[in-house]
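Structure first, then comments.
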Amino acid sequence: QVQLVESGGGSVQAGGSLRLSCAATTYTSRYVCMGWFRQAPGKEREGVAVTYRSGGSTWYADSVKDRFTISQDNGENTVDLQMSSPKPEDTAVYYCAASSAGICNNAPWSRIWYNYWGQGTQVTVSS
């Protein structure tokens with residue numbers, strides 16, 4: 001059974017840094033797309049940063065470009081999200097997700113293509 005386990009969430013001040021980690025119980029190299037989504041209260045779940053084409057490409061939401069960095073380590077079976085200079089609007093529950101469907105390459109930012117999800121980890125950014 002595939003499991004994705006997130007860690008590293010918590011509270012951080014704006015302008016600080018936080019690193020989220022997602023550990024998979026299977027080989028991350030088997031996934032076509034992997035990444036991070038988030039959901040703030042009253043909002044839809046949205047893509048934050050993903051790797052696609054089996055780790056060969058990355059996509060970032062405009063709101064986090066140049067601040068967040070995603071990295072996938074197939075040797076450790078992890079995918080991490082380094083959050084630099086977070087803002088209060090980055091406050092949300094962050095979810096790790098993975099897709100084994102090749103179609104995710106067409107729109108890696110879309111949650112509908114992801115069939116494996118972690119339980120989520122809360123990130124709170126204070127001003």
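In the structure tokens, the first chain shown is A, the next is B, and so on; residue numbers restart at 1 for each chain, and ligands run from 1 in the order shown.
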Would you return as a list in words the members of chain A that DSSP assigns to helix (DSSP H, G or I) on this structure's backbone?
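Answer for chain A, restricted to helix (DSSP H, G or I): Thr28, Ser29, Arg30, Pro88, Glu89, Asp90, Gly102, Ile103, Cys104, Asn105, Asn106, Arg111, Ile112 and Trp113 of chain A.
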Output all heavy atoms for every residue in the selection just made, as a short mmCIF file (atom, residue, chain, number, x, y, z; two decimals), in the first residue's frame.
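Full text of again.cif as output:
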data_model
loop_
_atom_site.label_atom_id
_atom_site.label_comp_id
_atom_site.auth_asym_id
_atom_site.auth_seq_id
_atom_site.Cartn_x
_atom_site.Cartn_y
_atom_site.Cartn_z
N THR A 28 9.94 6.42 -5.23
CA THR A 28 9.43 7.64 -5.84
C THR A 28 9.70 7.66 -7.34
O THR A 28 9.04 8.37 -8.08
CB THR A 28 10.05 8.88 -5.19
OG1 THR A 28 11.47 8.74 -5.16
CG2 THR A 28 9.53 9.05 -3.76
N SER A 29 10.66 6.89 -7.79
CA SER A 29 10.98 6.86 -9.22
C SER A 29 9.84 6.26 -10.05
O SER A 29 9.80 6.43 -11.27
CB SER A 29 12.25 6.05 -9.46
OG SER A 29 12.11 4.73 -8.95
N ARG A 30 8.89 5.59 -9.40
CA ARG A 30 7.77 5.01 -10.14
C ARG A 30 6.71 6.03 -10.48
O ARG A 30 5.82 5.75 -11.28
CB ARG A 30 7.13 3.88 -9.32
CG ARG A 30 6.49 4.34 -8.04
CD ARG A 30 5.78 3.21 -7.31
NE ARG A 30 4.51 2.87 -7.96
CZ ARG A 30 3.61 2.06 -7.43
NH1 ARG A 30 3.84 1.48 -6.27
NH2 ARG A 30 2.50 1.79 -8.08
N PRO A 88 2.29 35.44 5.19
CA PRO A 88 1.07 35.00 5.88
C PRO A 88 0.08 34.31 4.94
O PRO A 88 -0.62 33.38 5.35
CB PRO A 88 0.51 36.31 6.45
CG PRO A 88 1.71 37.14 6.69
CD PRO A 88 2.64 36.84 5.55
N GLU A 89 0.04 34.73 3.68
CA GLU A 89 -0.88 34.11 2.73
C GLU A 89 -0.47 32.70 2.33
O GLU A 89 -1.20 32.01 1.62
CB GLU A 89 -1.05 34.98 1.48
CG GLU A 89 0.24 35.42 0.85
CD GLU A 89 0.66 36.83 1.28
OE1 GLU A 89 0.56 37.14 2.49
OE2 GLU A 89 1.08 37.61 0.39
N ASP A 90 0.70 32.26 2.77
CA ASP A 90 1.13 30.88 2.54
C ASP A 90 0.57 29.93 3.61
O ASP A 90 0.76 28.71 3.52
CB ASP A 90 2.65 30.77 2.54
CG ASP A 90 3.30 31.50 1.37
OD1 ASP A 90 2.74 31.45 0.26
OD2 ASP A 90 4.36 32.12 1.58
N GLY A 102 0.41 8.97 -16.61
CA GLY A 102 1.18 9.79 -17.53
C GLY A 102 0.48 11.09 -17.92
O GLY A 102 1.14 12.08 -18.24
N ILE A 103 -0.83 11.09 -17.86
CA ILE A 103 -1.59 12.28 -18.25
C ILE A 103 -1.29 13.47 -17.35
O ILE A 103 -1.54 14.62 -17.71
CB ILE A 103 -3.10 11.97 -18.28
CG1 ILE A 103 -3.86 13.03 -19.05
CG2 ILE A 103 -3.64 11.79 -16.86
CD1 ILE A 103 -5.31 12.69 -19.33
N CYS A 104 -0.74 13.21 -16.16
CA CYS A 104 -0.44 14.33 -15.25
C CYS A 104 0.59 15.26 -15.87
O CYS A 104 0.68 16.43 -15.48
CB CYS A 104 0.01 13.84 -13.88
SG CYS A 104 1.66 13.13 -13.83
N ASN A 105 1.38 14.78 -16.82
CA ASN A 105 2.37 15.65 -17.47
C ASN A 105 1.71 16.80 -18.22
O ASN A 105 2.34 17.84 -18.45
CB ASN A 105 3.22 14.84 -18.46
CG ASN A 105 4.23 13.96 -17.76
OD1 ASN A 105 4.75 14.32 -16.71
ND2 ASN A 105 4.51 12.81 -18.34
N ASN A 106 0.47 16.62 -18.62
CA ASN A 106 -0.22 17.67 -19.38
C ASN A 106 -0.62 18.84 -18.49
O ASN A 106 -0.72 19.98 -18.98
CB ASN A 106 -1.47 17.09 -20.05
CG ASN A 106 -1.12 16.05 -21.11
OD1 ASN A 106 0.01 15.99 -21.60
ND2 ASN A 106 -2.08 15.21 -21.45
N ARG A 111 -4.90 18.91 -9.35
CA ARG A 111 -5.00 17.86 -8.36
C ARG A 111 -5.77 16.64 -8.88
O ARG A 111 -5.66 15.55 -8.30
CB ARG A 111 -5.67 18.39 -7.09
CG ARG A 111 -7.13 18.76 -7.24
CD ARG A 111 -7.67 19.32 -5.94
NE ARG A 111 -9.11 19.51 -5.97
CZ ARG A 111 -9.69 20.59 -6.43
NH1 ARG A 111 -8.96 21.57 -6.92
NH2 ARG A 111 -11.01 20.69 -6.43
N ILE A 112 -6.55 16.79 -9.92
CA ILE A 112 -7.40 15.68 -10.37
C ILE A 112 -6.58 14.50 -10.88
O ILE A 112 -7.08 13.38 -10.96
CB ILE A 112 -8.41 16.13 -11.44
CG1 ILE A 112 -7.71 16.54 -12.73
CG2 ILE A 112 -9.28 17.24 -10.91
CD1 ILE A 112 -8.67 16.84 -13.86
N TRP A 113 -5.32 14.71 -11.25
CA TRP A 113 -4.51 13.62 -11.79
C TRP A 113 -3.76 12.84 -10.73
O TRP A 113 -3.11 11.85 -11.05
CB TRP A 113 -3.50 14.16 -12.81
CG TRP A 113 -4.10 14.99 -13.89
CD1 TRP A 113 -3.77 16.27 -14.24
CD2 TRP A 113 -5.17 14.61 -14.78
NE1 TRP A 113 -4.55 16.70 -15.28
CE2 TRP A 113 -5.40 15.71 -15.63
CE3 TRP A 113 -5.93 13.46 -14.93
CZ2 TRP A 113 -6.38 15.69 -16.62
CZ3 TRP A 113 -6.89 13.42 -15.93
CH2 TRP A 113 -7.11 14.53 -16.75
#
Write out, as JSON lines, each residue of region 69-90 of chain A that has an atom at most 8 Å from region 1-14 of chain A, together with the closest pair of atoms and their distance in Å to one decimal, counting only C-alpha atoms, rows going by chain and rising number.
{"residue": "A:Ser85", "atom": "CA", "partner": "A:Ala14", "partner_atom": "CA", "distance": 6.2}
{"residue": "A:Pro86", "atom": "CA", "partner": "A:Ala14", "partner_atom": "CA", "distance": 5.3}
{"residue": "A:Lys87", "atom": "CA", "partner": "A:Ala14", "partner_atom": "CA", "distance": 5.0}
{"residue": "A:Pro88", "atom": "CA", "partner": "A:Ala14", "partner_atom": "CA", "distance": 6.4}
What's the 6 Å shell around region 39-56 of chain A, counting only C-alpha atoms, without same-chain residues fewer than 4 positions away, as a ChimeraX atom specification?
/A:32-35,60-61,92-93,105,109
Correct to one decimal, the distance CA of Tyr95 (chain A)-CA of Ser17 (chain A) is 17.8 Å
A:Ser21, A:Thr26, A:Ser63, A:Ser99 ranked by distance to Asn77 (chain A), top pick (using only C-alpha atoms):
A:Thr26
Residues of region 1-124 of chain A classed as strand (DSSP E or B) by DSSP on the backbone are to be reported as a PyMOL selection string.
chain A and resi 4-7+10-13+17-24+33-39+46-52+57-60+68-73+78-84+92-99+116-117+121-124
